[in-house]
Each structure stands twice: as structure tokens, then as C-alpha cells.
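Text of the file data.cif, holding mmCIF, C-alpha atoms and all ligand atoms:
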```
data_target
loop_
_atom_site.group_PDB
_atom_site.id
_atom_site.type_symbol
_atom_site.label_atom_id
_atom_site.label_comp_id
_atom_site.auth_asym_id
_atom_site.auth_seq_id
_atom_site.Cartn_x
_atom_site.Cartn_y
_atom_site.Cartn_z
ATOM 1 C CA MET P 77 107.540 118.858 154.707
ATOM 2 C CA ALA P 78 108.808 116.113 152.456
ATOM 3 C CA GLU P 79 110.080 114.002 155.345
ATOM 4 C CA GLN P 80 106.572 114.006 156.820
ATOM 5 C CA CYS P 81 105.255 111.699 154.064
ATOM 6 C CA VAL P 82 103.700 108.347 154.918
ATOM 7 C CA ILE P 83 102.756 105.409 152.702
ATOM 8 C CA GLY P 84 99.120 104.340 152.676
ATOM 9 C CA PHE P 85 98.549 100.953 151.062
ATOM 10 C CA ASP P 86 95.214 99.407 150.094
ATOM 11 C CA MET P 87 95.362 95.629 149.529
ATOM 12 C CA GLY P 88 92.411 94.373 147.536
ATOM 13 C CA GLY P 89 91.504 90.990 146.096
ATOM 14 C CA THR P 90 92.162 92.085 142.508
ATOM 15 C CA LYS P 91 94.214 95.279 142.746
ATOM 16 C CA MET P 92 96.463 97.055 145.203
ATOM 17 C CA ILE P 93 97.081 100.797 145.520
ATOM 18 C CA ALA P 94 100.126 102.417 147.125
ATOM 19 C CA ALA P 95 99.917 106.143 147.859
ATOM 20 C CA VAL P 96 102.414 108.622 149.259
ATOM 21 C CA VAL P 97 100.412 110.870 151.593
ATOM 22 C CA ASP P 98 101.758 114.213 152.838
ATOM 23 C CA ALA P 99 101.207 115.887 156.213
ATOM 24 C CA SER P 100 97.984 117.547 154.948
ATOM 25 C CA SER P 101 96.500 114.136 154.033
ATOM 26 C CA ARG P 102 97.018 114.774 150.306
ATOM 27 C CA ILE P 103 98.155 112.044 147.936
ATOM 28 C CA VAL P 104 101.346 113.210 146.218
ATOM 29 C CA GLY P 105 102.202 110.001 144.364
ATOM 30 C CA ARG P 106 100.494 106.705 143.692
ATOM 31 C CA ALA P 107 100.996 103.380 141.944
ATOM 32 C CA ARG P 108 98.868 100.324 141.303
ATOM 33 C CA GLU P 109 99.659 96.664 140.920
ATOM 34 C CA ARG P 110 97.389 93.719 140.294
ATOM 35 C CA THR P 111 97.182 91.397 143.294
ATOM 36 C CA GLY P 112 97.583 88.130 141.374
ATOM 37 C CA ALA P 113 96.846 85.881 144.355
ATOM 38 C CA GLU P 114 97.131 82.799 142.112
ATOM 39 C CA ASP P 115 100.909 83.366 141.904
ATOM 40 C CA GLY P 116 101.339 82.786 145.654
ATOM 41 C CA ALA P 117 102.175 84.844 148.722
ATOM 42 C CA GLU P 118 105.769 85.761 147.773
ATOM 43 C CA ALA P 119 104.682 87.087 144.359
ATOM 44 C CA VAL P 120 101.947 89.174 145.991
ATOM 45 C CA TYR P 121 104.489 90.528 148.481
ATOM 46 C CA GLU P 122 106.899 91.462 145.668
ATOM 47 C CA ARG P 123 104.111 93.444 143.997
ATOM 48 C CA VAL P 124 103.393 95.224 147.297
ATOM 49 C CA VAL P 125 107.027 96.332 147.412
ATOM 50 C CA ALA P 126 106.977 97.280 143.703
ATOM 51 C CA ALA P 127 103.840 99.404 144.160
ATOM 52 C CA ILE P 128 105.375 101.217 147.152
ATOM 53 C CA ARG P 129 108.578 101.887 145.194
ATOM 54 C CA GLY P 130 106.503 103.066 142.214
ATOM 55 C CA ALA P 131 104.508 105.509 144.345
ATOM 56 C CA LEU P 132 107.719 106.846 145.941
ATOM 57 C CA GLU P 133 109.195 107.345 142.474
ATOM 58 C CA LYS P 134 106.166 109.389 141.370
ATOM 59 C CA ALA P 135 106.372 111.522 144.519
ATOM 60 C CA ARG P 136 110.077 112.193 143.741
ATOM 61 C CA LYS P 137 111.369 109.892 146.435
ATOM 62 C CA PRO P 138 110.514 111.709 149.663
ATOM 63 C CA LYS P 139 111.777 110.312 152.974
ATOM 64 C CA ILE P 140 108.927 108.426 154.614
ATOM 65 C CA LYS P 141 108.300 108.063 158.336
ATOM 66 C CA ALA P 142 105.903 105.102 158.354
ATOM 67 C CA ILE P 143 103.864 102.675 156.272
ATOM 68 C CA GLY P 144 100.185 101.885 156.821
ATOM 69 C CA ILE P 145 98.753 98.706 155.288
ATOM 70 C CA ALA P 146 95.002 98.243 154.948
ATOM 71 C CA ALA P 147 93.758 94.719 154.300
ATOM 72 C CA PRO P 148 90.518 92.808 154.719
ATOM 73 C CA GLY P 149 90.491 91.109 158.142
ATOM 74 C CA PRO P 150 91.196 89.099 160.182
ATOM 75 C CA LEU P 151 94.450 90.745 161.243
ATOM 76 C CA ASP P 152 96.813 90.412 164.164
ATOM 77 C CA ARG P 153 97.634 94.102 164.649
ATOM 78 C CA ARG P 154 100.051 93.667 167.521
ATOM 79 C CA ARG P 155 102.311 91.283 165.597
ATOM 80 C CA GLY P 156 101.543 92.864 162.207
ATOM 81 C CA ILE P 157 100.294 89.655 160.638
ATOM 82 C CA ILE P 158 97.646 89.165 157.978
ATOM 83 C CA VAL P 159 95.951 86.084 159.432
ATOM 84 C CA GLU P 160 93.808 85.055 156.501
ATOM 85 C CA THR P 161 92.712 86.670 153.238
ATOM 86 C CA PRO P 162 90.803 84.112 151.211
ATOM 87 C CA ASN P 163 91.067 85.964 147.888
ATOM 88 C CA MET P 164 94.616 87.230 148.300
ATOM 89 C CA GLY P 165 96.457 84.020 149.042
ATOM 90 C CA LEU P 166 98.066 85.408 152.214
ATOM 91 C CA ARG P 167 97.892 83.208 155.319
ATOM 92 C CA LYS P 168 99.661 84.089 158.558
ATOM 93 C CA PHE P 169 101.772 86.478 156.530
ATOM 94 C CA PRO P 170 104.109 88.714 158.629
ATOM 95 C CA ILE P 171 103.717 91.701 156.345
ATOM 96 C CA ALA P 172 104.650 94.356 158.919
ATOM 97 C CA ASP P 173 107.974 92.665 159.756
ATOM 98 C CA ARG P 174 108.875 92.150 156.119
ATOM 99 C CA LEU P 175 108.131 95.746 155.117
ATOM 100 C CA ARG P 176 109.849 97.130 158.217
ATOM 101 C CA ARG P 177 113.035 95.330 157.194
ATOM 102 C CA GLU P 178 112.620 96.360 153.550
ATOM 103 C CA PHE P 179 112.032 100.091 154.117
ATOM 104 C CA GLY P 180 113.396 100.702 157.643
ATOM 105 C CA VAL P 181 110.286 102.436 159.013
ATOM 106 C CA PRO P 182 107.458 101.436 161.386
ATOM 107 C CA VAL P 183 104.554 99.577 159.769
ATOM 108 C CA VAL P 184 100.948 99.693 160.957
ATOM 109 C CA LEU P 185 98.246 97.245 159.897
ATOM 110 C CA GLU P 186 94.530 98.054 159.878
ATOM 111 C CA ASN P 187 91.288 96.622 158.570
ATOM 112 C CA ASP P 188 90.418 98.243 155.224
ATOM 113 C CA VAL P 189 86.918 99.438 156.127
ATOM 114 C CA ASN P 190 88.188 101.025 159.368
ATOM 115 C CA ALA P 191 90.888 102.727 157.309
ATOM 116 C CA GLY P 192 88.292 104.049 154.848
ATOM 117 C CA VAL P 193 86.113 105.469 157.611
ATOM 118 C CA TYR P 194 89.159 107.055 159.228
ATOM 119 C CA GLY P 195 90.128 108.591 155.866
ATOM 120 C CA GLU P 196 86.672 110.152 155.477
ATOM 121 C CA TYR P 197 86.991 111.454 159.051
ATOM 122 C CA LYS P 198 90.456 112.954 158.479
ATOM 123 C CA ALA P 199 90.108 114.331 154.960
ATOM 124 C CA GLY P 200 86.661 113.619 153.513
ATOM 125 C CA ALA P 201 82.949 113.938 154.206
ATOM 126 C CA ALA P 202 83.269 113.613 158.020
ATOM 127 C CA ARG P 203 86.132 116.063 158.404
ATOM 128 C CA GLY P 204 85.677 118.384 161.371
ATOM 129 C CA TYR P 205 83.503 115.990 163.399
ATOM 130 C CA SER P 206 84.707 113.851 166.317
ATOM 131 C CA ASN P 207 82.044 111.126 166.487
ATOM 132 C CA VAL P 208 81.518 109.306 163.222
ATOM 133 C CA VAL P 209 79.862 106.102 162.043
ATOM 134 C CA GLY P 210 80.798 104.906 158.546
ATOM 135 C CA ILE P 211 78.795 102.327 156.600
ATOM 136 C CA PHE P 212 80.203 101.045 153.299
ATOM 137 C CA ILE P 213 77.942 99.049 151.009
ATOM 138 C CA GLY P 214 79.335 96.784 148.311
ATOM 139 C CA THR P 215 79.409 93.003 147.915
ATOM 140 C CA GLY P 216 79.180 93.033 151.732
ATOM 141 C CA ILE P 217 78.497 95.796 154.241
ATOM 142 C CA GLY P 218 81.412 97.108 156.293
ATOM 143 C CA GLY P 219 81.454 99.622 159.089
ATOM 144 C CA GLY P 220 83.770 101.693 161.220
ATOM 145 C CA ILE P 221 83.443 103.936 164.262
ATOM 146 C CA VAL P 222 85.330 107.060 165.337
ATOM 147 C CA LEU P 223 84.650 108.057 168.955
ATOM 148 C CA ASP P 224 86.001 111.308 170.384
ATOM 149 C CA GLY P 225 88.415 111.558 167.474
ATOM 150 C CA ARG P 226 89.880 108.062 167.721
ATOM 151 C CA LEU P 227 89.167 104.967 165.674
ATOM 152 C CA TYR P 228 87.301 102.575 167.962
ATOM 153 C CA ILE P 229 88.486 98.980 167.478
ATOM 154 C CA GLY P 230 87.305 97.428 170.754
ATOM 155 C CA ALA P 231 89.002 94.927 173.062
ATOM 156 C CA THR P 232 89.746 92.419 170.305
ATOM 157 C CA GLY P 233 90.398 94.946 167.554
ATOM 158 C CA ASN P 234 87.388 93.764 165.602
ATOM 159 C CA ALA P 235 84.677 96.212 166.664
ATOM 160 C CA GLY P 236 82.593 98.065 164.086
ATOM 161 C CA GLU P 237 81.012 95.055 162.349
ATOM 162 C CA ILE P 238 77.933 97.067 161.495
ATOM 163 C CA GLY P 239 77.175 94.760 158.549
ATOM 164 C CA HIS P 240 76.392 91.965 161.006
ATOM 165 C CA MET P 241 73.949 93.967 163.062
ATOM 166 C CA ILE P 242 70.879 91.721 163.142
ATOM 167 C CA ILE P 243 67.789 93.443 161.748
ATOM 168 C CA GLN P 244 65.460 90.447 161.236
ATOM 169 C CA THR P 245 66.000 87.419 163.474
ATOM 170 C CA ASP P 246 64.118 85.245 160.974
ATOM 171 C CA GLY P 247 65.620 86.955 157.928
ATOM 172 C CA ALA P 248 67.917 85.737 155.149
ATOM 173 C CA LEU P 249 70.980 83.634 156.017
ATOM 174 C CA CYS P 250 74.183 85.684 156.250
ATOM 175 C CA GLY P 251 77.716 84.608 155.323
ATOM 176 C CA CYS P 252 78.586 84.805 159.040
ATOM 177 C CA GLY P 253 76.070 82.054 159.877
ATOM 178 C CA GLN P 254 73.426 84.266 161.482
ATOM 179 C CA HIS P 255 70.062 85.232 160.032
ATOM 180 C CA GLY P 256 68.897 88.701 159.059
ATOM 181 C CA CYS P 257 72.145 90.672 159.376
ATOM 182 C CA VAL P 258 71.886 93.964 157.504
ATOM 183 C CA GLU P 259 74.555 92.614 155.103
ATOM 184 C CA ALA P 260 72.299 89.675 154.208
ATOM 185 C CA LEU P 261 69.373 92.046 153.570
ATOM 186 C CA ALA P 262 70.904 95.104 151.947
ATOM 187 C CA SER P 263 74.367 94.482 150.432
ATOM 188 C CA ARG P 264 74.722 94.742 146.678
ATOM 189 C CA THR P 265 74.830 90.936 146.670
ATOM 190 C CA ALA P 266 71.451 90.775 148.441
ATOM 191 C CA ILE P 267 69.979 93.388 146.100
ATOM 192 C CA ALA P 268 71.341 91.553 143.038
ATOM 193 C CA LYS P 269 69.647 88.321 144.180
ATOM 194 C CA ASP P 270 66.251 90.029 144.321
ATOM 195 C CA VAL P 271 66.813 91.864 141.042
ATOM 196 C CA ALA P 272 67.893 88.624 139.319
ATOM 197 C CA ALA P 273 64.580 87.106 140.437
ATOM 198 C CA LEU P 274 62.740 90.112 138.943
ATOM 199 C CA ALA P 275 64.620 89.692 135.672
ATOM 200 C CA GLY P 276 63.924 85.944 135.701
ATOM 201 C CA SER P 277 60.185 86.423 136.084
ATOM 202 C CA GLY P 278 60.127 89.107 133.394
ATOM 203 C CA ALA P 279 59.242 91.817 135.920
ATOM 204 C CA SER P 280 62.344 93.830 135.033
ATOM 205 C CA GLN P 281 62.703 93.965 131.272
ATOM 206 C CA PHE P 282 65.603 96.425 131.518
ATOM 207 C CA VAL P 283 67.812 94.155 133.634
ATOM 208 C CA ARG P 284 66.858 91.110 131.562
ATOM 209 C CA GLU P 285 67.920 92.863 128.346
ATOM 210 C CA GLU P 286 71.094 94.362 129.840
ATOM 211 C CA VAL P 287 72.586 91.385 131.674
ATOM 212 C CA GLY P 288 70.040 88.566 131.802
ATOM 213 C CA THR P 289 69.599 86.888 135.164
ATOM 214 C CA ASP P 290 73.277 86.313 135.984
ATOM 215 C CA LEU P 291 73.899 87.559 139.527
ATOM 216 C CA LYS P 292 77.470 88.580 138.700
ATOM 217 C CA GLY P 293 76.296 90.869 135.898
ATOM 218 C CA ILE P 294 73.970 92.845 138.180
ATOM 219 C CA ARG P 295 76.528 95.412 139.243
ATOM 220 C CA SER P 296 75.930 98.843 140.750
ATOM 221 C CA GLY P 297 75.951 100.514 137.309
ATOM 222 C CA VAL P 298 73.167 98.214 136.039
ATOM 223 C CA LEU P 299 71.019 98.991 139.096
ATOM 224 C CA ALA P 300 71.621 102.718 138.542
ATOM 225 C CA GLY P 301 70.693 102.330 134.855
ATOM 226 C CA ALA P 302 67.444 100.510 135.649
ATOM 227 C CA ILE P 303 66.426 103.184 138.179
ATOM 228 C CA ALA P 304 67.318 106.001 135.751
ATOM 229 C CA LYS P 305 65.089 104.331 133.117
ATOM 230 C CA GLY P 306 62.190 104.387 135.569
ATOM 231 C CA ASP P 307 62.170 100.664 136.470
ATOM 232 C CA ARG P 308 59.924 100.803 139.551
ATOM 233 C CA ARG P 309 60.414 97.180 140.574
ATOM 234 C CA VAL P 310 64.203 97.565 140.726
ATOM 235 C CA ARG P 311 63.800 100.881 142.504
ATOM 236 C CA GLY P 312 61.551 99.134 145.038
ATOM 237 C CA VAL P 313 64.223 96.494 145.761
ATOM 238 C CA VAL P 314 66.869 99.191 146.294
ATOM 239 C CA GLU P 315 64.552 101.255 148.494
ATOM 240 C CA ARG P 316 63.853 98.208 150.626
ATOM 241 C CA ALA P 317 67.613 97.725 151.099
ATOM 242 C CA ALA P 318 67.991 101.394 152.026
ATOM 243 C CA HIS P 319 65.156 100.950 154.522
ATOM 244 C CA PHE P 320 67.123 98.140 156.242
ATOM 245 C CA VAL P 321 70.330 100.178 156.222
ATOM 246 C CA GLY P 322 68.318 102.976 157.842
ATOM 247 C CA ILE P 323 67.323 100.624 160.666
ATOM 248 C CA ALA P 324 71.001 99.772 161.231
ATOM 249 C CA MET P 325 71.750 103.510 161.224
ATOM 250 C CA ALA P 326 69.004 104.069 163.808
ATOM 251 C CA ASN P 327 70.557 101.394 166.038
ATOM 252 C CA CYS P 328 73.990 103.020 165.641
ATOM 253 C CA ALA P 329 72.507 106.447 166.422
ATOM 254 C CA ASN P 330 70.741 105.163 169.548
ATOM 255 C CA LEU P 331 73.866 103.388 170.788
ATOM 256 C CA LEU P 332 76.616 105.859 169.910
ATOM 257 C CA GLY P 333 75.002 109.246 169.325
ATOM 258 C CA PRO P 334 77.291 110.157 166.408
ATOM 259 C CA GLU P 335 77.393 113.643 164.893
ATOM 260 C CA VAL P 336 77.593 112.226 161.397
ATOM 261 C CA ILE P 337 76.926 108.960 159.596
ATOM 262 C CA VAL P 338 78.871 108.522 156.356
ATOM 263 C CA LEU P 339 77.459 106.233 153.661
ATOM 264 C CA GLY P 340 79.880 104.986 151.013
ATOM 265 C CA GLY P 341 80.984 102.050 148.875
ATOM 266 C CA GLY P 342 80.549 101.037 145.254
ATOM 267 C CA LEU P 343 76.749 100.999 145.266
ATOM 268 C CA LEU P 344 76.508 104.470 146.798
ATOM 269 C CA GLU P 345 78.897 105.902 144.200
ATOM 270 C CA LYS P 346 76.240 105.082 141.566
ATOM 271 C CA ILE P 347 72.949 105.828 143.329
ATOM 272 C CA GLY P 348 74.065 107.787 146.392
ATOM 273 C CA PRO P 349 71.488 110.610 146.738
ATOM 274 C CA MET P 350 68.493 108.322 146.180
ATOM 275 C CA PHE P 351 69.788 105.651 148.576
ATOM 276 C CA LEU P 352 70.777 108.203 151.215
ATOM 277 C CA LYS P 353 67.352 109.854 151.146
ATOM 278 C CA GLU P 354 65.539 106.575 151.746
ATOM 279 C CA ALA P 355 68.038 105.340 154.385
ATOM 280 C CA GLU P 356 67.864 108.624 156.286
ATOM 281 C CA ARG P 357 64.060 108.604 156.181
ATOM 282 C CA SER P 358 64.064 105.092 157.658
ATOM 283 C CA MET P 359 66.654 106.057 160.292
ATOM 284 C CA ARG P 360 64.562 109.036 161.420
ATOM 285 C CA GLU P 361 61.507 106.780 161.612
ATOM 286 C CA HIS P 362 63.283 104.201 163.806
ATOM 287 C CA ALA P 363 65.688 106.074 166.116
ATOM 288 C CA MET P 364 65.018 107.810 169.426
ATOM 289 C CA GLU P 365 64.131 111.444 168.929
ATOM 290 C CA SER P 366 66.572 112.451 171.669
ATOM 291 C CA VAL P 367 69.587 111.291 169.621
ATOM 292 C CA LEU P 368 68.366 112.293 166.168
ATOM 293 C CA ALA P 369 68.635 116.055 166.397
ATOM 294 C CA GLY P 370 72.409 115.913 166.300
ATOM 295 C CA VAL P 371 72.858 113.352 163.516
ATOM 296 C CA LYS P 372 73.762 114.304 159.942
ATOM 297 C CA VAL P 373 73.863 111.759 157.130
ATOM 298 C CA VAL P 374 76.342 112.394 154.309
ATOM 299 C CA LEU P 375 77.830 110.563 151.334
ATOM 300 C CA ALA P 376 81.504 109.586 151.405
ATOM 301 C CA SER P 377 83.576 111.948 149.276
ATOM 302 C CA LEU P 378 87.016 110.369 148.802
ATOM 303 C CA GLY P 379 86.120 107.283 146.734
ATOM 304 C CA ASP P 380 89.109 104.926 146.351
ATOM 305 C CA ASP P 381 91.406 107.404 148.109
ATOM 306 C CA ALA P 382 89.696 106.994 151.509
ATOM 307 C CA VAL P 383 91.494 103.757 152.426
ATOM 308 C CA PRO P 384 95.092 104.795 151.561
ATOM 309 C CA ILE P 385 94.632 108.246 153.139
ATOM 310 C CA GLY P 386 93.048 106.729 156.251
ATOM 311 C CA VAL P 387 95.645 104.038 156.830
ATOM 312 C CA ALA P 388 98.489 106.491 156.129
ATOM 313 C CA THR P 389 97.094 108.824 158.781
ATOM 314 C CA LEU P 390 96.769 105.933 161.253
ATOM 315 C CA ALA P 391 100.424 105.071 160.613
ATOM 316 C CA ARG P 392 101.373 108.698 161.213
ATOM 317 C CA GLU P 393 99.463 108.908 164.510
ATOM 318 C CA PRO P 394 100.245 105.872 166.695
ATOM 319 C CA ARG P 395 97.618 106.911 169.248
ATOM 320 C CA ALA P 396 94.824 107.265 166.695
ATOM 321 C CA ARG P 397 93.214 103.956 167.676
ATOM 322 C CA ALA P 398 91.261 103.337 170.858
HETATM 323 ZN ZN ZN M 1 76.182 88.384 159.374
#
```
Re-express the file's structure as C-alpha cells.
Amino acid sequence: MAEQCVIGFDMGGTKMIAAVVDASSRIVGRARERTGAEDGAEAVYERVVAAIRGALEKARKPKIKAIGIAAPGPLDRRRGIIVETPNMGLRKFPIADRLRREFGVPVVLENDVNAGVYGEYKAGAARGYSNVVGIFIGTGIGGGIVLDGRLYIGATGNAGEIGHMIIQTDGALCGCGQHGCVEALASRTAIAKDVAALAGSGASQFVREEVGTDLKGIRSGVLAGAIAKGDRRVRGVVERAAHFVGIAMANCANLLGPEVIVLGGGLLEKIGPMFLKEAERSMREHAMESVLAGVKVVLASLGDDAVPIGVATLAREPRARA
């Protein structure tokens, strides 16, 4: 079994995780490194290699058959190049080539949200289903699609941008330049903006006392705390966001007819059941009845392990992407 291990690597803006994943999609060794983008691309690359070696050490140095790297887009999958990662300092970086030469195994590159959805499909909350939509809510909103058991990446490789599904054509401006994308209405960033305004006007005493009106301080844990203390204004803001996510889910259900929609991400780890209930209610209100009967809505179950497990499995199965 040992020779069936694969490396799954999650590159983030602040930290990176390398995991050795066995043939049953279990993590048998892992290591972390800080990203340290300010030190430049070569330093980041050296830490990638160090994290992989560290994870192999912890797993007692199994032979590996492939490496999967998950990074925020845009990526050139065919040539294995990270095109641009604003907060990681990597531009046009040929990471697949470099790692292939370093470790002597094939290297696969995938978008991190796609990898996370695929991980939940292979080993988490969507295990056992073949048609899956994943929606991950954090500072932005990311999405991924599994159709008939394969990750759907579309003609350009960039399909699954559920966060930029337009919900209100005259809504808030999104980072992508459009108005009223679900990301602009319901990401943690969007929620924090509204909650900061509540704190500023004195309408949320809890948030004002905890973190003031600084957007950066209004993290998922603060929102969860305010709701737990019975802050109805904050709860209202979060419910409104869930309502918008539910509309995006309804659109996904109408278009794709998935068996399961997985909701995950940092915000959902803190207030999952409450958010899911409201989002599912909104989805059922907005989708066609003919598609709804078959759709389950569940919370992601793998947390930070979803991305390394997912990208490791993609590296193991070259035909996993459609
Ligand atoms: Zn957008």
C-alpha cells in the first residue's frame, strides 16, 4: 500500500500544508510552512519543497506516485504554471516542472476550491454521490462542480465560478467588476461591511464592544459570538446573506440537478447549521419543484483537509477531470 501514496499540497496566502495521502484518501503525514511571499518566489518554492519533505518524513518516507498542487487561480494546467497569485508572490511560476524534477513523479495543478469540492466528494460530506455542487464561503465565495463523478472544469478550465453568479443586476459592486454577484452580497467580506455599519451606528453593541467598527476584526468567530448572544441585527445580516446564497443554490439546482450541495468555508465552520437552514429554505423557495426533490444540502466535513485530500486524489486519477 505504501507505494500508493500521493502528495496533496495546499498553497495559501499565509500558510501552506503538505499532506501524504494514502490509497483510502487518509492523511498519513503532514507538514506546514508559512508562505512568506515577501521573501520572493524562490524562497516560497524552497518552503514548498521543505513542507513536502517534512510530510514524507512524518509518514515514514513512503514511495509516492504523484504530487497534486492546489493554488488559487489563474492556473495554466496543461503547462503546470501558476500564472498569477497576488498574495503569494508567484508569477508565471513553472511549479509542476520544478517539482517533477525535484521528486521524479508526475505533478498535477488544480484550483484550490475545485480541489476542496473534490475532496468532499471523495472522502467527506458528498461521498457516495456522483453529482455535486460545492459552495465555499469565506473572504470570497468559491465553487466547484462534480458531474457524473468527474470534476467539471469546462473548456477553459475555469468553470465553477459560482461566486460570480449574478443575483442582483443593480446590486453591490463585485471585485470582478460586475454588480450583484453572490460574492459581493454574501461573502464574509460583504457581511462584515454591513455588520461594521451596524456597530458604527450603535445598532450592534456586542460587535462594537468586541472589535469596534474595523472590518478586519469582524471575523467569523465574532459573527458567531454576536448571534449566540442573541444580537438580532447581526443575525438579520447573516440571514440575508444566506438568503442570497440560497438563490445561487437554486440556480445551480435548476441548471445542474445535483444530488447534493455542500456548503463549507470559514464562515460555515462557525455558524454552519443556522446558515444552512436559511440558505436551504431560500433555495427551496426559488428553485423549480421538479429538480428539488433530489437535492440534499449538507455541511462540508473535512475542514482544512478537503483541499490536500482532493488535489492528491486528482493527482492519483489523471482522468478525474472533465
Ligand atoms: Zn463577481
May I ask for the distance between CA of Ala382 (chain P) and CA of Gly105 (chain P), given in Å to one decimal place?
14.7 Å
Nearby residues, ligand ZN 1 (chain M), 7 Å, all atoms listed in the file, as a ChimeraX atom specification:
/P:239-240,250-255,257,259-260
Would you write out, as a list in words, every residue that the PyMOL selection byres (((chain P and resi 338-347) around 7) and not hetatm) captures in this file?
Ala202, Val209, Gly210, Ile211, Phe212, Ile213, Gly214, Arg264, Ser296, Gly297, Ala300, Val336, Ile337, Gly348, Pro349, Met350, Phe351, Val373, Val374, Leu375 and Ala376 of chain P
Counting all atoms listed in the file, I want the residues whose atoms come within 12 Å of (108.4, 94.9, 144.2) in the file frame, returned as number ranges by chain.
P: 94, 107-111, 118-131, 175, 178-179
Deliver the residues from the most recent selection as a file, using C-alpha atoms, as a CSV table (one decimal), keeping the file's coordinate frame.
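Produced file part_8.csv, reproduced below:
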```csv
chain,number,residue,atom,x,y,z
P,94,ALA,CA,100.1,102.4,147.1
P,107,ALA,CA,101.0,103.4,141.9
P,108,ARG,CA,98.9,100.3,141.3
P,109,GLU,CA,99.7,96.7,140.9
P,110,ARG,CA,97.4,93.7,140.3
P,111,THR,CA,97.2,91.4,143.3
P,118,GLU,CA,105.8,85.8,147.8
P,119,ALA,CA,104.7,87.1,144.4
P,120,VAL,CA,101.9,89.2,146.0
P,121,TYR,CA,104.5,90.5,148.5
P,122,GLU,CA,106.9,91.5,145.7
P,123,ARG,CA,104.1,93.4,144.0
P,124,VAL,CA,103.4,95.2,147.3
P,125,VAL,CA,107.0,96.3,147.4
P,126,ALA,CA,107.0,97.3,143.7
P,127,ALA,CA,103.8,99.4,144.2
P,128,ILE,CA,105.4,101.2,147.2
P,129,ARG,CA,108.6,101.9,145.2
P,130,GLY,CA,106.5,103.1,142.2
P,131,ALA,CA,104.5,105.5,144.3
P,175,LEU,CA,108.1,95.7,155.1
P,178,GLU,CA,112.6,96.4,153.6
P,179,PHE,CA,112.0,100.1,154.1
```
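Using only C-alpha atoms, the shortest contact distance between Arg316 (chain P) and any of P:Glu365, P:Asp270, P:Asp98, P:Glu286 is found at P:Asp270.
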Quick check on the file I pasted: which residues fall under the PyMOL selection byres (((chain P and resi 384-397) around 7) and not hetatm)? Write them as a list in words.
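Applying the PyMOL selection byres (((chain P and resi 384-397) around 7) and not hetatm) to the structure shown produces Val82, Ile83, Gly84, Phe85, Asp86, Ala95, Val97, Ser101, Ala142, Ile143, Gly144, Ile145, Ala146, Val183, Val184, Glu186, Ala191, Gly192, Tyr194, Gly195, Arg226, Leu227, Tyr228, Ile229, Asp381, Ala382, Val383 and Ala398 of chain P.
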Store the residues picked out above in a file with C-alpha atoms, as an mmCIF file, in the coordinates of the input.
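Saved result, selection31.cif, follows:
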```
data_model
loop_
_atom_site.group_PDB
_atom_site.id
_atom_site.type_symbol
_atom_site.label_atom_id
_atom_site.label_comp_id
_atom_site.auth_asym_id
_atom_site.auth_seq_id
_atom_site.Cartn_x
_atom_site.Cartn_y
_atom_site.Cartn_z
ATOM 1 C CA VAL P 82 103.700 108.347 154.918
ATOM 2 C CA ILE P 83 102.756 105.409 152.702
ATOM 3 C CA GLY P 84 99.120 104.340 152.676
ATOM 4 C CA PHE P 85 98.549 100.953 151.062
ATOM 5 C CA ASP P 86 95.214 99.407 150.094
ATOM 6 C CA ALA P 95 99.917 106.143 147.859
ATOM 7 C CA VAL P 97 100.412 110.870 151.593
ATOM 8 C CA SER P 101 96.500 114.136 154.033
ATOM 9 C CA ALA P 142 105.903 105.102 158.354
ATOM 10 C CA ILE P 143 103.864 102.675 156.272
ATOM 11 C CA GLY P 144 100.185 101.885 156.821
ATOM 12 C CA ILE P 145 98.753 98.706 155.288
ATOM 13 C CA ALA P 146 95.002 98.243 154.948
ATOM 14 C CA VAL P 183 104.554 99.577 159.769
ATOM 15 C CA VAL P 184 100.948 99.693 160.957
ATOM 16 C CA GLU P 186 94.530 98.054 159.878
ATOM 17 C CA ALA P 191 90.888 102.727 157.309
ATOM 18 C CA GLY P 192 88.292 104.049 154.848
ATOM 19 C CA TYR P 194 89.159 107.055 159.228
ATOM 20 C CA GLY P 195 90.128 108.591 155.866
ATOM 21 C CA ARG P 226 89.880 108.062 167.721
ATOM 22 C CA LEU P 227 89.167 104.967 165.674
ATOM 23 C CA TYR P 228 87.301 102.575 167.962
ATOM 24 C CA ILE P 229 88.486 98.980 167.478
ATOM 25 C CA ASP P 381 91.406 107.404 148.109
ATOM 26 C CA ALA P 382 89.696 106.994 151.509
ATOM 27 C CA VAL P 383 91.494 103.757 152.426
ATOM 28 C CA ALA P 398 91.261 103.337 170.858
#
```
What does the distance between CA of Glu354 (chain P) and CA of Asp224 (chain P) come to in Å, to one decimal place?
28.1 Å
By how many Å are CA of Val181 (chain P) and CA of Ala199 (chain P) apart?
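Value for the CA of Val181 (chain P)-CA of Ala199 (chain P) distance: 23.8 Å.
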Please expand the PyMOL selection byres (((chain P and resi 358) around 9) and not hetatm) into the concrete residues it hits in this file, giving the result as a list in words.
Ala318, His319, Phe320, Val321, Gly322, Ile323, Met325, Ala326, Lys353, Glu354, Ala355, Glu356, Arg357, Met359, Arg360, Glu361, His362 and Ala363 of chain P
To test the calculation: enclose all listed atoms of region 127-130 of chain P in a box whose edges run along x, y and z, add 4 Å on each side, then state centre and edge lengths in Å to one decimal, as lines of an AutoDock Vina configuration file.
```
center_x = 106.2
center_y = 101.2
center_z = 144.7
size_x = 12.7
size_y = 11.7
size_z = 12.9
```
Exercise: Gly225 (chain P) partners within 8 Å, all atoms listed in the file, chain neighbours under 4 positions left out, as a PDB file with C-alpha atoms, in the coordinates of the input:
```
ATOM      1  CA  TYR P 205      83.503 115.990 163.399  1.00  0.00           C
ATOM      2  CA  SER P 206      84.707 113.851 166.317  1.00  0.00           C
ATOM      3  CA  ASN P 207      82.044 111.126 166.487  1.00  0.00           C
ATOM      4  CA  ALA P 396      94.824 107.265 166.695  1.00  0.00           C
TER       5      ALA P 396
END
```
Just give me the residues with any atom within 7 Å of (81.0, 100.7, 166.2), file coordinates, counting all atoms listed in the file, written as a list in words.
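Within 7 Å of (81.0, 100.7, 166.2), the protein and nucleic acid residues are Val209, Gly220, Ile221, Tyr228, Ala235, Gly236, Glu237 and Ile238 of chain P.
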Would you mind listing what lies within 10 Å of Met164 (chain P) as a CSV table (one decimal) with C-alpha atoms, in the frame of the given file, with only C-alpha atoms counted and same-chain residues fewer than 2 positions away left out?
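Result file result21.csv:
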```csv
chain,number,residue,atom,x,y,z
P,87,MET,CA,95.4,95.6,149.5
P,88,GLY,CA,92.4,94.4,147.5
P,89,GLY,CA,91.5,91.0,146.1
P,90,THR,CA,92.2,92.1,142.5
P,91,LYS,CA,94.2,95.3,142.7
P,111,THR,CA,97.2,91.4,143.3
P,112,GLY,CA,97.6,88.1,141.4
P,113,ALA,CA,96.8,85.9,144.4
P,114,GLU,CA,97.1,82.8,142.1
P,115,ASP,CA,100.9,83.4,141.9
P,116,GLY,CA,101.3,82.8,145.7
P,117,ALA,CA,102.2,84.8,148.7
P,120,VAL,CA,101.9,89.2,146.0
P,147,ALA,CA,93.8,94.7,154.3
P,148,PRO,CA,90.5,92.8,154.7
P,160,GLU,CA,93.8,85.1,156.5
P,161,THR,CA,92.7,86.7,153.2
P,162,PRO,CA,90.8,84.1,151.2
P,166,LEU,CA,98.1,85.4,152.2
P,167,ARG,CA,97.9,83.2,155.3
```
